[in-house]
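Worksheet: the structure to be examined is printed underneath.
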Amino acid sequence: MSPVLELAGASLAFGERVVWSGVDLAVQAGEFVTVLGPNGSGKTSLLRAVLGQLHLTSGRIAVMGRPPHRGSRSVGYVPQQRIVDPATPVRARDIVRLGVDGDRWGPGHHDRRARVDELLAAVGATEYADVPVGMLSGGEQQRVRIAQALASDPAVLLCDEPLLSLDIRRQQEVTALIDTTRHATGTAVLFVTHEVNPVLPYTDCVLYLGPAGHAVGAPDVVLTSERLSKLYGTAVEVVRTQGRLLIVGDDGHVHHVEEEDE
Amino acid sequence: MLALATDVPWWQRIVDFSSYGELLPLVRNSLIAGVLLALVGGLVGVFVMQRDLAFAVHGVSELSFAGASAALLLSIDVTLGAIIGSLVAAMAIGFLGSRARDRNSIIGVLMPFGLGLGVLALALYPGRAANKFGLLTGQIVAVDDARVGAMAAITVVVVGGLLFVWRPLTFASVDPEVAAARGVPTRALSFAFMLLLGLAVAMAVQVVGALLVLSLLITPAAAATRISASPVWVPVLAVIFAEVSAIGGILLALGASVPISPYITTISFVIYLVCRWLGRRRRQHGWVRRPSAVAGAVVG
Ligand SMILES: Nc1ncnc2c1ncn2[C@@H]1O[C@H](COP(=O)(O)OP(=O)(O)O)[C@@H](O)[C@H]1O
Ligand SMILES: [Mg+2]
């Protein structure tokens with residue numbers, strides 16, 4: 001089967017600064033790819049390249065065998081979380097509806113209610129469908145965003161730090177939901193995160209973007225002290241304890257538990 | 001207006017229905033202008049709220065005032081002057097201020113400049129003082145047939161334009177990143193909306209005056225969003241509130257000798273207060289009935 005998303009020798013640079021280079025990645029339908037890496041390693045930029053918003057400096061990228069373009073319905077996008085003002089007069093169902101036909105011009109006369117209800121039910125958001133999104137909790141908002149991203153039946157679902165500012169239980173719920181979704185719809189998932197543990201049980205493949213290179217492969221192969229030390233260019237230890245995985249730098253800093261401060 | 005201000009007690013200058021029958025035909029044009037303006041103001045206001053552009057509305061209206069005053073001085077069409085002033089301001093804000101902070105400083109710079117220009121033009125204008133201040137604080141009887149025609153044309157353009165861009169504009173306003181990812185031209189839409197806003201402001205300046213434009217372009221939509229979050233009911237309610245304020249204000253002002261705008265602003269403010277109160281109740285009682293906490297915990 002041909003991959004739904006493919007990068008071959010893909011490189012990205014902003015002026016002099018090379019963000020990543022020579023990335024080879026082939027993602028099959030239904031595959032769960034976890035993208036890890038410290039702040040500024042180009043994870044968000046990778047998603048923007050898949051969306052067709054950034055052009056590669058060299059190499060090739062293809063979604064469903066074709067170069068990515070803006071507005072493609074083959075790609076679903078859950079952006080890094082924004083704080084929604086509680087007074088924003090937009091209900092959960094309206095956010096999902098925008099995913100269905102928000103890109104259409106002119107007055108709409110199609111009734112999309114059934115489709116919107118179906119999407120809301122798929123993520124378990126039916127009971128707060130009519131609540132303004134700003135009044136929902138972080139985990140609830142995330143479910144609504146996932147429903148919105150699924151509205152175009154994407155072949156690839158891009159999630160940028162969807163676990164940020166969620167407590168551990170919500171993190172597990174959101175990752176489990178994305179896992180269920182990819183099995184139900186066959187969409188491939190590119191999941192950017194700082195928190196490696198919630199996604200580890202579902203991850204088929206890890207793309208680790210490090211300061212001194214990148215690595216692609218099964219979690220057990222990539223997430224080892226040896227490989228990560230190479231990617232960071234400094235001694236890094238991967239510790240497995242009580243079923244959890246900790247990545248510890250030589251400065252004693254534990255990665256993957258830090259908060260992003262963008 | 002017709003009574004001599006000094007002869008009557010002040011309350012009669014505010015509300016006086018004694019000569020209503022004769023006066024009504026005189027304000028036919030004003031009423032039509034009010035209906036059109038309220039329609040445009042209610043709809044535009046929904047996006048002004050969504051895009052957090054209240055300050056921009058104020059800035060555009062000052063330049064619209066400058067344009068209209070200059071037109072008065074040069075004896076060209078006041079509507080045309082108001083439109084030119086508005087559009088220049090809207091384009092400047094649209095081009096230079098894509099980020100909120102840039103935008104606010106640009107508006108802060110433009111606003112006093114526009115107001116100053118307008119004051120200068122009015123000071124040089126030899127005509128009657130009542131005409132002059134009409135542009136700042138609103139006027140009632142100065143709407144002639146030609147101006148109503150111009151307003152109808154602007155209404156068609158603004159309402160038609162809004163209907164065409166409605167969904168992508170909503171998408172770009174409430175969820176800009178996903179909208180951009182889905183191919184919605186967010187920057188172009190932002191600019192296009194500024195132009196529609198400029199036209200709406202140019203219309204409003206001539207009825208309620210530059211200082212009070214916000215009462216029809218923001219207050220009704222702000223009131224509507226207090227009591228509803230539905231994409232259908234918010235614009236419908238905003239238009240209804242704007243119509244009640246505009247028509248109510250014009251009818252109340254009819255027999256009195258003070259300008260039209262205090263009536264419009266007061267009605268729209270009262271509507272806003274009532275909506276705030278209703279919204280607070282709604283918030284306290286929850287927006288929708290949710291199942292019990294236990295059932296909620298399973299899914300939520
Ligand atoms: N449009 C841009 N122009 C210049 N540099 C950029 C641009 N976008 C991102 N960068 C830089 O590219 C690097 C990667 O950014 P990003 O993809 O946001 O990283 P991450 O999501 O992994 O934290 C950062 O150093 C950032 O400053
Ligand atoms: Mg990022």
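Naming scheme: A, B, ... for chains in displayed order of the structure tokens; residues 1 onward per chain; ligands 1 onward as shown.
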Segment 39-200 of chain B: residues DSSP assigns to helix (DSSP H, G or I), reported as a ChimeraX atom specification:
/B:39-50,54-73,78-96,100-124,129-137,145-174,176-181,186-200
Within 7 Å of chain B: residues of chain A, using only C-alpha atoms, as an MDAnalysis selection string
chainID A and resid 51 70:72 77 79 89:91 98 102:107 124 127 130:132 140
Give me the residues within 8 Å of Leu36 of chain B as a JSON list (two decimals) with N, CA, C and O atoms, in the first residue's frame, counting only C-alpha atoms and dropping any in the same chain fewer than 5 places off.
[["chain", "number", "residue", "atom", "x", "y", "z"],
["B", 151, "MET", "N", -27.64, 55.51, 0.92],
["B", 151, "MET", "CA", -27.60, 54.56, 2.03],
["B", 151, "MET", "C", -28.13, 53.20, 1.62],
["B", 151, "MET", "O", -27.61, 52.16, 2.03],
["B", 152, "ALA", "N", -29.19, 53.19, 0.79],
["B", 152, "ALA", "CA", -29.73, 51.92, 0.33],
["B", 152, "ALA", "C", -28.68, 51.18, -0.48],
["B", 152, "ALA", "O", -28.51, 49.95, -0.34],
["B", 155, "THR", "N", -26.15, 49.74, 1.84],
["B", 155, "THR", "CA", -26.73, 48.59, 2.54],
["B", 155, "THR", "C", -26.66, 47.33, 1.68],
["B", 155, "THR", "O", -26.27, 46.26, 2.16]]
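Environment of ligand 2, defined as every protein or nucleic acid residue with an atom within 10 Å of it and counting only C-alpha atoms and all ligand atoms, comprises Gly37, Pro38, Asn39, Gly40, Ser41, Gly42, Lys43, Thr44, Ser45, Leu46, Leu47, Pro79, Gln80, Asp160, Glu161, Val192, Thr193, His194, Glu260, Asp261 and Glu262 of chain A.
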As a PyMOL selection string, please: every residue in segment 16-252 of chain A that DSSP puts in strand (DSSP E).
chain A and resi 17-27+32-36+58-63+75-78+156-160+188-192+205-210+213-217+236-241+244-249
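Comparing the minimum interatomic distances between Val216 of chain A and each of A:Glu173, A:Asp153, A:Glu237, A:Asp24, counting only C-alpha atoms, we find that A:Asp24 sits nearest.
Non-sequential neighbours of Pro201 of chain A (distance at most 12 Å, separation of 6 or more positions within a chain, only C-alpha atoms) are Phe32, Val33, Thr34, Gln172, Thr175, Ala176, Asp179, Ala218, Pro219, Asp220, Gly243, Arg244 and Leu245 of chain A.
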So what do you get for atom CA of Leu122 of chain B versus atom CA of Ser61 of chain B, distance-wise?
16.0 Å
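Minimum atom-to-atom distance to Tyr263 of chain B, evaluated using only C-alpha atoms, belongs to B:Leu212 out of B:Leu212, B:Val148, B:Ala89, B:Leu217.
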Within 8 Å of Ala253 of chain B, counting only C-alpha atoms, which residues show up once you throw out same-chain ones fewer than 4 positions away? Write them as number ranges by chain, please.
B: 14-15, 249, 257-260, 263
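Distance-wise, atom CA of Leu150 of chain A and atom 8 (N, counted along the ligand's line) of ligand 1 end up 25.7 Å apart.
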If you count only C-alpha atoms, which residues fall within 7 Å of segment 70-81 of chain B, apart from same-chain ones fewer than 5 positions away, as a list in words?
Gly118, Ala121, Leu122 and Tyr125 of chain B
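Atom pair atom CA of Arg112 of chain A / atom CA of Val75 of chain A has a distance of 20.3 Å (rounded to one decimal).
With only C-alpha atoms taken into account, the protein and nucleic acid residues at most 9 Å from Val236 of chain A (excluding it and anything under 3 positions from it in its own chain) are Thr224, Ser225, Glu226, Arg227, Leu228, Ser229, Lys230, Tyr232, Gly233, Ile247, Val248, Gly249 and Asp250 of chain A.
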Among the residues B:Val8, B:Val27, B:Ala38, B:Ser19, the one that comes closest to Asp145 of chain B [using only C-alpha atoms]
B:Val27
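Shortest atom-to-atom contact with ligand 1 among A:Val78, A:Met135, A:Leu209, A:Val156: A:Leu209, counting only C-alpha atoms and all ligand atoms.
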